[in-house]
>>> print(open('start-v3.tsv').read())   # TSV, C-alpha atoms
chain	number	residue	atom	x	y	z
A	109	MET	CA	-36.69	-39.08	-49.28
A	110	THR	CA	-40.24	-38.52	-47.98
A	111	ASP	CA	-39.30	-35.76	-45.56
A	112	VAL	CA	-38.02	-33.26	-48.15
A	113	PRO	CA	-39.69	-29.87	-47.57
A	114	TYR	CA	-42.56	-29.08	-49.99
A	115	SER	CA	-41.12	-25.73	-51.00
A	116	GLU	CA	-38.27	-27.29	-52.97
A	117	PRO	CA	-38.80	-28.19	-56.61
A	118	ALA	CA	-38.61	-31.97	-57.10
A	119	LEU	CA	-35.51	-33.30	-58.77
A	120	ASP	CA	-36.34	-34.42	-62.29
A	121	ARG	CA	-35.43	-37.90	-63.46
A	122	ILE	CA	-32.66	-36.80	-65.83
A	123	GLU	CA	-30.94	-34.61	-63.26
A	124	ARG	CA	-31.21	-37.36	-60.67
A	125	SER	CA	-29.64	-40.03	-62.85
A	126	ALA	CA	-26.88	-37.60	-63.88
A	127	ILE	CA	-25.99	-37.06	-60.21
A	128	ILE	CA	-26.04	-40.81	-59.54
A	129	ARG	CA	-23.89	-41.52	-62.60
A	130	ASP	CA	-21.30	-38.99	-61.40
A	131	GLY	CA	-21.33	-40.53	-57.94
A	132	ILE	CA	-20.62	-43.99	-59.34
A	133	ALA	CA	-17.84	-42.60	-61.56
A	134	VAL	CA	-16.17	-41.07	-58.50
A	135	GLY	CA	-16.53	-44.42	-56.69
A	136	VAL	CA	-14.82	-46.28	-59.53
A	137	ALA	CA	-11.97	-43.74	-59.58
A	138	THR	CA	-11.35	-44.05	-55.84
A	139	GLY	CA	-11.34	-47.84	-56.13
A	140	ALA	CA	-7.85	-47.37	-57.53
A	141	TYR	CA	-6.76	-45.70	-54.27
A	142	GLY	CA	-8.14	-48.74	-52.44
A	143	ILE	CA	-5.86	-51.12	-54.34
A	144	SER	CA	-2.80	-49.08	-53.36
A	145	PHE	CA	-4.01	-48.87	-49.77
A	146	GLY	CA	-4.48	-52.66	-49.55
A	147	ALA	CA	-1.04	-53.37	-50.99
A	148	ILE	CA	0.72	-50.75	-48.86
A	149	SER	CA	-1.03	-51.93	-45.70
A	150	VAL	CA	0.09	-55.57	-45.98
A	151	ALA	CA	3.56	-54.30	-46.94
A	152	ALA	CA	3.56	-52.39	-43.64
A	153	GLY	CA	2.96	-55.69	-41.83
A	154	LEU	CA	-0.79	-55.77	-41.27
A	155	THR	CA	-2.70	-58.95	-42.13
A	156	ILE	CA	-5.31	-59.04	-44.91
A	157	VAL	CA	-8.11	-59.17	-42.31
A	158	GLN	CA	-6.69	-56.18	-40.41
A	159	THR	CA	-6.34	-54.26	-43.67
A	160	CYS	CA	-9.96	-54.93	-44.64
A	161	ALA	CA	-11.16	-54.08	-41.12
A	162	LEU	CA	-9.46	-50.68	-41.45
A	163	SER	CA	-11.27	-49.89	-44.69
A	164	LEU	CA	-14.64	-51.01	-43.28
A	165	LEU	CA	-14.36	-49.36	-39.85
A	166	VAL	CA	-12.21	-46.27	-40.40
A	167	PHE	CA	-13.31	-45.57	-43.99
A	168	THR	CA	-11.46	-42.32	-44.54
A	169	GLY	CA	-8.46	-42.70	-46.81
A	170	ALA	CA	-5.90	-40.28	-45.39
A	171	SER	CA	-6.37	-41.60	-41.83
A	172	GLN	CA	-5.94	-45.18	-43.02
A	173	PHE	CA	-2.81	-44.37	-45.04
A	174	ALA	CA	-1.45	-42.48	-42.01
A	175	LEU	CA	-2.01	-45.38	-39.62
A	176	VAL	CA	-0.24	-47.90	-41.84
A	177	GLY	CA	2.41	-45.32	-42.82
A	178	VAL	CA	3.42	-44.76	-39.20
A	179	ILE	CA	3.53	-48.52	-38.61
A	180	ALA	CA	5.60	-49.01	-41.79
A	181	SER	CA	8.18	-46.54	-40.47
A	182	GLY	CA	8.46	-48.51	-37.23
A	183	GLY	CA	6.09	-46.47	-35.07
A	184	ALA	CA	3.82	-47.88	-32.35
A	185	PRO	CA	0.24	-48.71	-33.44
A	186	LEU	CA	-1.03	-46.12	-30.93
A	187	SER	CA	1.02	-43.32	-32.58
A	188	GLY	CA	-0.43	-44.40	-35.89
A	189	ALA	CA	-3.96	-44.35	-34.46
A	190	LEU	CA	-3.50	-40.84	-33.04
A	191	THR	CA	-2.14	-39.55	-36.36
A	192	GLY	CA	-5.12	-41.15	-38.10
A	193	LEU	CA	-7.54	-39.45	-35.72
A	194	LEU	CA	-5.94	-36.03	-36.21
A	195	LEU	CA	-6.32	-36.48	-39.97
A	196	GLY	CA	-9.95	-37.48	-39.44
A	197	THR	CA	-10.86	-34.12	-37.88
A	198	ARG	CA	-11.46	-32.57	-41.28
A	199	ASN	CA	-14.51	-34.83	-41.69
A	200	THR	CA	-16.00	-33.00	-38.69
A	201	LEU	CA	-15.75	-29.75	-40.64
A	202	TYR	CA	-17.39	-31.34	-43.66
A	203	GLY	CA	-20.23	-32.51	-41.40
A	204	LEU	CA	-20.75	-29.00	-40.02
A	205	ARG	CA	-21.01	-27.67	-43.55
A	206	LEU	CA	-23.36	-30.43	-44.74
A	207	ALA	CA	-25.64	-30.83	-41.69
A	208	PRO	CA	-28.13	-28.06	-42.61
A	209	LEU	CA	-28.11	-29.10	-46.27
A	210	LEU	CA	-28.64	-32.85	-45.78
A	211	ALA	CA	-31.00	-32.27	-42.82
A	212	TRP	CA	-31.09	-35.89	-41.67
A	213	ARG	CA	-32.14	-36.93	-38.16
A	214	GLY	CA	-31.97	-40.09	-36.07
A	215	TRP	CA	-30.75	-43.36	-37.59
A	216	ARG	CA	-30.41	-41.85	-41.08
A	217	ARG	CA	-27.93	-39.33	-39.74
A	218	ALA	CA	-26.10	-42.05	-37.79
A	219	ALA	CA	-25.80	-44.20	-40.92
A	220	ALA	CA	-24.87	-41.29	-43.19
A	221	ALA	CA	-21.98	-40.34	-40.88
A	222	GLN	CA	-19.93	-43.39	-41.84
A	223	ILE	CA	-19.84	-42.30	-45.51
A	224	LEU	CA	-19.04	-38.64	-44.71
A	225	ILE	CA	-15.69	-38.28	-46.54
A	226	ASP	CA	-13.93	-36.01	-49.05
A	227	GLU	CA	-15.73	-37.43	-52.07
A	228	SER	CA	-19.30	-37.48	-50.72
A	229	THR	CA	-18.78	-33.92	-49.44
A	230	ALA	CA	-17.47	-32.66	-52.75
A	231	MET	CA	-20.41	-34.19	-54.62
A	232	SER	CA	-23.09	-32.72	-52.34
A	233	VAL	CA	-21.86	-29.46	-50.78
A	234	ASN	CA	-22.68	-27.21	-53.76
A	235	ARG	CA	-26.12	-28.62	-54.59
A	236	GLU	CA	-29.06	-26.24	-54.45
A	237	THR	CA	-31.68	-28.43	-52.80
A	238	THR	CA	-31.71	-30.94	-49.95
A	239	GLU	CA	-32.89	-33.66	-52.31
A	240	ALA	CA	-30.09	-33.09	-54.83
A	241	ALA	CA	-27.53	-32.93	-52.01
A	242	ARG	CA	-28.83	-36.21	-50.56
A	243	VAL	CA	-28.73	-37.98	-53.93
A	244	GLY	CA	-25.17	-36.75	-54.53
A	245	PHE	CA	-24.06	-37.66	-51.02
A	246	LEU	CA	-25.61	-41.15	-51.01
A	247	SER	CA	-24.69	-42.21	-54.53
A	248	THR	CA	-21.08	-41.07	-54.12
A	249	GLY	CA	-20.69	-42.27	-50.53
A	250	LEU	CA	-22.14	-45.72	-51.18
A	251	ALA	CA	-20.25	-46.21	-54.46
A	252	VAL	CA	-16.97	-45.23	-52.82
A	253	PHE	CA	-17.71	-47.45	-49.80
A	254	ALA	CA	-18.41	-50.51	-51.95
A	255	LEU	CA	-15.45	-50.06	-54.30
A	256	TRP	CA	-12.99	-48.88	-51.66
A	257	ASN	CA	-13.59	-52.02	-49.60
A	258	LEU	CA	-13.51	-54.40	-52.59
A	259	ALA	CA	-10.34	-52.75	-53.89
A	260	THR	CA	-8.71	-52.92	-50.44
A	261	LEU	CA	-9.26	-56.69	-50.37
A	262	GLY	CA	-7.88	-57.06	-53.90
A	263	GLY	CA	-4.86	-54.88	-53.14
A	264	ALA	CA	-4.15	-56.72	-49.89
A	265	ILE	CA	-4.26	-60.14	-51.58
A	266	ALA	CA	-2.04	-58.89	-54.42
A	267	GLY	CA	0.37	-57.25	-51.97
A	268	GLU	CA	0.71	-60.45	-49.97
A	269	ALA	CA	1.33	-62.46	-53.16
A	270	LEU	CA	4.12	-60.06	-54.20
A	271	GLY	CA	6.33	-60.96	-51.24
A	272	ASP	CA	9.09	-58.58	-50.11
A	273	PRO	CA	7.57	-55.09	-50.58
A	274	ARG	CA	10.96	-53.42	-51.10
A	275	THR	CA	11.56	-55.36	-54.33
A	276	TYR	CA	8.60	-53.60	-55.93
A	277	GLY	CA	9.25	-50.24	-54.30
A	278	LEU	CA	6.07	-50.46	-52.23
A	279	ASP	CA	7.81	-48.65	-49.36
A	280	ALA	CA	8.41	-45.72	-51.74
A	281	ALA	CA	4.78	-45.88	-52.89
A	282	VAL	CA	3.67	-44.65	-49.45
A	283	GLY	CA	5.46	-41.31	-49.88
A	284	GLY	CA	4.01	-40.94	-53.37
A	285	ALA	CA	0.50	-41.65	-52.05
A	286	PHE	CA	0.83	-39.02	-49.30
A	287	LEU	CA	2.17	-36.46	-51.78
A	288	ALA	CA	-0.82	-37.08	-54.07
A	289	LEU	CA	-3.21	-36.63	-51.13
A	290	LEU	CA	-1.49	-33.39	-50.10
A	291	TRP	CA	-1.14	-32.00	-53.62
A	292	PRO	CA	-4.52	-30.19	-54.05
A	293	ARG	CA	-3.95	-28.30	-50.77
A	294	LEU	CA	-0.59	-26.91	-51.89
A	295	LYS	CA	-2.19	-24.30	-54.18
A	296	ASP	CA	-2.53	-22.07	-51.10
A	297	HIS	CA	0.52	-20.13	-49.88
A	298	ARG	CA	-0.13	-20.60	-46.16
A	299	ASN	CA	-0.55	-24.34	-46.72
A	300	GLN	CA	2.84	-24.41	-48.46
A	301	VAL	CA	4.46	-22.76	-45.44
A	302	CYS	CA	2.66	-25.18	-43.12
A	303	ALA	CA	3.84	-28.19	-45.15
A	304	VAL	CA	7.47	-27.05	-45.19
A	305	LEU	CA	7.46	-26.40	-41.44
A	306	GLY	CA	5.78	-29.78	-40.85
A	307	VAL	CA	8.65	-31.46	-42.72
A	308	VAL	CA	11.27	-29.49	-40.77
A	309	VAL	CA	9.72	-30.33	-37.37
A	310	ALA	CA	9.31	-34.02	-38.22
A	311	LEU	CA	12.80	-34.53	-39.62
A	312	SER	CA	14.51	-32.66	-36.80
A	313	LEU	CA	12.78	-34.97	-34.30
A	314	VAL	CA	13.54	-38.24	-36.13
A	315	PRO	CA	16.95	-38.82	-34.46
A	316	ALA	CA	15.68	-37.77	-31.02
A	317	THR	CA	12.28	-39.44	-30.57
A	318	PRO	CA	10.67	-42.87	-31.09
A	319	ALA	CA	9.15	-43.48	-34.56
A	320	GLY	CA	5.63	-42.07	-34.80
A	321	VAL	CA	6.32	-39.09	-32.55
A	322	PRO	CA	7.86	-36.82	-35.25
A	323	VAL	CA	4.67	-36.97	-37.33
A	324	LEU	CA	2.41	-36.26	-34.33
A	325	ALA	CA	4.65	-33.34	-33.33
A	326	ALA	CA	4.07	-31.74	-36.74
A	327	ALA	CA	0.49	-31.10	-35.58
A	328	ILE	CA	1.94	-28.28	-33.46
A	329	VAL	CA	2.78	-26.42	-36.69
A	330	ALA	CA	-0.92	-26.48	-37.62
A	331	LEU	CA	-1.88	-25.28	-34.13
A	332	VAL	CA	0.55	-22.35	-34.23
A	333	ILE	CA	-0.19	-21.22	-37.79
A	334	GLY	CA	-3.94	-21.64	-37.28
A	335	THR	CA	-3.86	-19.58	-34.08
A	336	PHE	CA	-1.77	-16.70	-35.40
A	337	THR	CA	-3.07	-16.24	-38.95
A	338	HIS	CA	-6.53	-15.07	-39.87
A	339	SER	CA	-7.47	-15.61	-43.50
A	340	ALA	CA	-9.65	-18.52	-44.59
A	341	ASP	CA	-8.22	-21.37	-46.67
A	342	PRO	CA	-9.67	-21.47	-50.20
A	343	THR	CA	-8.83	-25.19	-50.53
A	344	GLU	CA	-10.57	-26.13	-47.25
A	345	ILE	CA	-13.66	-27.95	-48.53
A	346	PRO	CA	-13.09	-30.23	-51.55
A	347	SER	CA	-14.98	-29.26	-54.67
A	348	ARG	CA	-16.08	-31.48	-57.53
A	349	ASP	CA	-13.13	-30.17	-59.55
A	350	ASP	CA	-10.69	-31.72	-57.06
A	351	LEU	CA	-11.94	-35.24	-57.64
A	352	PRO	CA	-10.06	-37.62	-59.91
A	353	SER	CA	-12.93	-38.15	-62.35
A	354	GLY	CA	-16.60	-37.86	-63.00
A	355	GLY	CA	-17.19	-34.77	-60.92
A	356	GLU	CA	-16.36	-32.15	-63.47
A	357	ARG	CA	-18.98	-32.79	-66.09
A	358	HIS	CA	-21.91	-31.05	-64.46
A	359	SER	CA	-20.24	-28.40	-62.33
B	61	MET	CA	-1.96	-53.90	-30.11
B	62	MET	CA	-2.69	-53.68	-33.82
B	63	TRP	CA	-6.34	-54.64	-33.35
B	64	ALA	CA	-6.70	-52.15	-30.51
B	65	ALA	CA	-5.31	-49.41	-32.79
B	66	ILE	CA	-7.66	-50.40	-35.63
B	67	ILE	CA	-10.77	-50.39	-33.42
B	68	PHE	CA	-9.72	-47.20	-31.61
B	69	THR	CA	-9.16	-45.41	-34.96
B	70	GLY	CA	-12.45	-46.77	-36.35
B	71	ILE	CA	-14.55	-45.60	-33.41
B	72	GLY	CA	-12.69	-42.29	-33.17
B	73	CYS	CA	-13.05	-41.49	-36.87
B	74	TYR	CA	-16.77	-42.34	-36.75
B	75	LEU	CA	-17.29	-40.04	-33.75
B	76	LEU	CA	-15.45	-37.24	-35.58
B	77	LYS	CA	-17.76	-37.69	-38.57
B	78	ILE	CA	-21.02	-37.79	-36.61
B	79	ALA	CA	-19.94	-34.89	-34.40
B	80	GLY	CA	-19.94	-32.57	-37.40
B	81	LEU	CA	-23.43	-33.67	-38.40
B	82	SER	CA	-24.80	-33.45	-34.83
B	83	VAL	CA	-23.04	-30.81	-32.75
B	84	PRO	CA	-24.62	-27.33	-32.96
B	85	ALA	CA	-22.55	-25.43	-35.52
B	86	ALA	CA	-21.79	-22.58	-33.10
B	87	VAL	CA	-19.60	-24.84	-30.95
B	88	LEU	CA	-17.17	-25.78	-33.69
B	89	GLU	CA	-17.64	-22.94	-36.11
B	90	ARG	CA	-15.19	-20.59	-34.40
B	91	PRO	CA	-12.72	-19.48	-37.09
B	92	VAL	CA	-9.64	-20.51	-35.12
B	93	VAL	CA	-10.95	-24.08	-34.71
B	94	GLN	CA	-11.69	-24.24	-38.43
B	95	ARG	CA	-8.27	-22.93	-39.40
B	96	ILE	CA	-6.46	-25.44	-37.18
B	97	ALA	CA	-8.57	-28.33	-38.47
B	98	ASP	CA	-7.84	-27.19	-42.05
B	99	LEU	CA	-4.11	-27.01	-41.44
B	100	LEU	CA	-3.76	-30.31	-39.55
B	101	PRO	CA	-3.92	-32.52	-42.67
B	102	VAL	CA	-1.39	-30.30	-44.44
B	103	ALA	CA	1.17	-30.44	-41.61
B	104	LEU	CA	0.62	-34.13	-40.91
B	105	LEU	CA	0.72	-35.29	-44.54
B	106	ALA	CA	3.89	-33.26	-45.15
B	107	ALA	CA	5.48	-34.80	-42.05
B	108	LEU	CA	4.37	-38.29	-43.11
B	109	ILE	CA	5.98	-37.79	-46.53
B	110	ALA	CA	9.25	-36.71	-44.95
B	111	VAL	CA	9.36	-39.57	-42.46
B	112	GLN	CA	8.32	-42.16	-45.06
B	113	VAL	CA	10.95	-41.08	-47.50
B	114	VAL	CA	14.10	-40.21	-45.55
B	115	ALA	CA	13.72	-41.79	-42.08
B	116	ASN	CA	14.94	-45.28	-41.26
B	117	GLY	CA	13.84	-45.91	-37.69
B	118	THR	CA	15.53	-43.07	-35.81
B	119	GLN	CA	18.08	-42.33	-38.53
B	120	LEU	CA	17.88	-40.20	-41.65
B	121	ALA	CA	18.83	-41.99	-44.86
B	122	ILE	CA	18.81	-40.96	-48.51
B	123	ASP	CA	17.97	-43.93	-50.72
B	124	ALA	CA	15.75	-45.10	-53.59
B	125	ARG	CA	12.64	-43.88	-51.77
B	126	LEU	CA	13.63	-40.24	-52.39
B	127	ALA	CA	13.97	-40.93	-56.11
B	128	GLY	CA	10.50	-42.48	-55.96
B	129	LEU	CA	9.10	-39.32	-54.36
B	130	LEU	CA	10.73	-37.05	-56.95
B	131	ALA	CA	9.24	-39.22	-59.72
B	132	ALA	CA	5.83	-38.91	-58.02
B	133	LEU	CA	6.27	-35.12	-57.97
B	134	VAL	CA	6.94	-35.10	-61.72
B	135	ALA	CA	3.85	-37.28	-62.28
B	136	LEU	CA	1.72	-34.83	-60.26
B	137	LEU	CA	3.07	-31.86	-62.21
B	138	LEU	CA	2.00	-33.72	-65.36
B	139	ARG	CA	-1.48	-34.08	-63.78
B	140	ALA	CA	-1.33	-37.88	-63.56
B	141	PRO	CA	-4.13	-39.60	-61.59
B	142	PHE	CA	-3.53	-40.96	-58.08
B	143	ILE	CA	-2.86	-44.58	-59.03
B	144	VAL	CA	-0.31	-43.54	-61.66
B	145	VAL	CA	1.49	-41.33	-59.14
B	146	VAL	CA	1.73	-44.22	-56.69
B	147	LEU	CA	2.89	-46.69	-59.36
B	148	VAL	CA	5.52	-44.28	-60.69
B	149	ALA	CA	6.94	-43.83	-57.17
B	150	ALA	CA	7.06	-47.59	-56.60
B	151	LEU	CA	8.53	-48.51	-60.00
B	152	THR	CA	11.19	-45.79	-59.83
B	153	ALA	CA	12.40	-47.03	-56.44
B	154	ALA	CA	12.28	-50.66	-57.57
B	155	LEU	CA	14.30	-49.89	-60.74
B	156	ILE	CA	16.95	-47.97	-58.81
B	157	ARG	CA	17.35	-50.92	-56.43
B	158	LEU	CA	17.85	-53.24	-59.41
B	159	LEU	CA	20.71	-51.11	-60.78
>>> encode(input="start-v3.tsv", output="structure tokens")
Amino acid sequence: MTDVPYSEPALDRIERSAIIRDGIAVGVATGAYGISFGAISVAAGLTIVQTCALSLLVFTGASQFALVGVIASGGAPLSGALTGLLLGTRNTLYGLRLAPLLAWRGWRRAAAAQILIDESTAMSVNRETTEAARVGFLSTGLAVFALWNLATLGGAIAGEALGDPRTYGLDAAVGGAFLALLWPRLKDHRNQVCAVLGVVVALSLVPATPAGVPVLAAAIVALVIGTFTHSADPTEIPSRDDLPSGGERHS
Amino acid sequence: MMWAAIIFTGIGCYLLKIAGLSVPAAVLERPVVQRIADLLPVALLAALIAVQVVANGTQLAIDARLAGLLAALVALLLRAPFIVVVLVAALTAALIRLL
């Protein structure tokens, strides 16, 4: 934190610990997602080690759920990987928004990139100073990273112990998880249209194409709507209010 | 194949993250690029839901998974947290299969 510009008022101790406390609370809340990811991933046929490698290396929830979701529905791993990458593009937008605020260079920026996700963005994007943004980003990003990976391991071990995933409805849990991830974006009318058309495109291609292709093809809907409409999306960047817990208290 | 997909996704997702922090904003800040990137998760997640719930390989099938999704929808309307939504979907499908 030594390279914070002099012109900014220093963050006082109380404010700093409040931001850190919120970050840890968000980390604990997302740990619960990690358990469901671990269980769903082994139910899709990945090993425990593969499941944990996904959480460590990919570390962005929607992309991980997408990869194992495509594999669970019988798609090729490569289709799953491409779907995961397309879902990861929103982190690029978060980075664009945060780059001037966080103002990191060199190895710090390279390290920070791995924890650039929905939660760390939401907890730093509306801060007034670079120092406050960095504290929010780091405390949330590191707490989520630690708990997400621990929870993935726990979920994967539990999922493996459960045996046949269909008995416990784990195959149905995937749809529920995706709906919960999509839910905050459905407040916007254009997003609702986009979601409905995505469903129509995917389902109409299911009988005609190999598994994995229908989901990738739905990306065309986003391309077309994005090219021919012009208003901005109010739900684009996550805010602290969108997070499951902890974020609301100080916003 | 699975390991190749995991490593490919890991490297790709990292590059997408660091690109945003490193690339001059002017390159990616064109409104059309932003709109498409915003809409991609919406279209893809919606398609994933549909395929997860009613596709069986290359066939469409209505079964307990759809009941699970409807239960998840009710849980979301009642503002349940993520883990509850997922559990409700799983338990509903499991109960229907028991009947």
>>> atom_distance(input="start-v3.tsv", atom1="CA of Ala288 in chain A", atom2="CA of Leu136 in chain B")
7.1 Å
>>> atom_distance(input="start-v3.tsv", atom1="CA of Leu290 in chain A", atom2="CA of Thr168 in chain A")
14.5 Å
>>> interface_residues(input="start-v3.tsv", of="chain B", to="chain A", cutoff="7 Å", atoms="only C-alpha atoms", output="NGL selection string")
:B and (61-62 or 65-66 or 69-70 or 72-74 or 76-81 or 85 or 92 or 95-113 or 115-119 or 125 or 128-129 or 132 or 141-143 or 145-147 or 149-151 or 153-154)
>>> atom_distance(input="start-v3.tsv", atom1="CA of Ala266 in chain A", atom2="CA of Ala147 in chain A")
6.6 Å
>>> closest_residue(input="start-v3.tsv", among="B:Ala131, B:Leu138, B:Val83, B:Leu120", to="Leu155 in chain B", atoms="all atoms listed in the file")
B:Ala131
>>> closest_residue(input="start-v3.tsv", among="B:Ala127, B:Ala86, B:Val148, B:Ala135", to="Val114 in chain B", atoms="all atoms listed in the file")
B:Ala127
>>> residues_around(input="start-v3.tsv", residues="range 117-123 of chain A", least_positions_apart="5", cutoff="9 Å", atoms="only C-alpha atoms", output="number ranges by chain")
A: 128, 237, 239-240
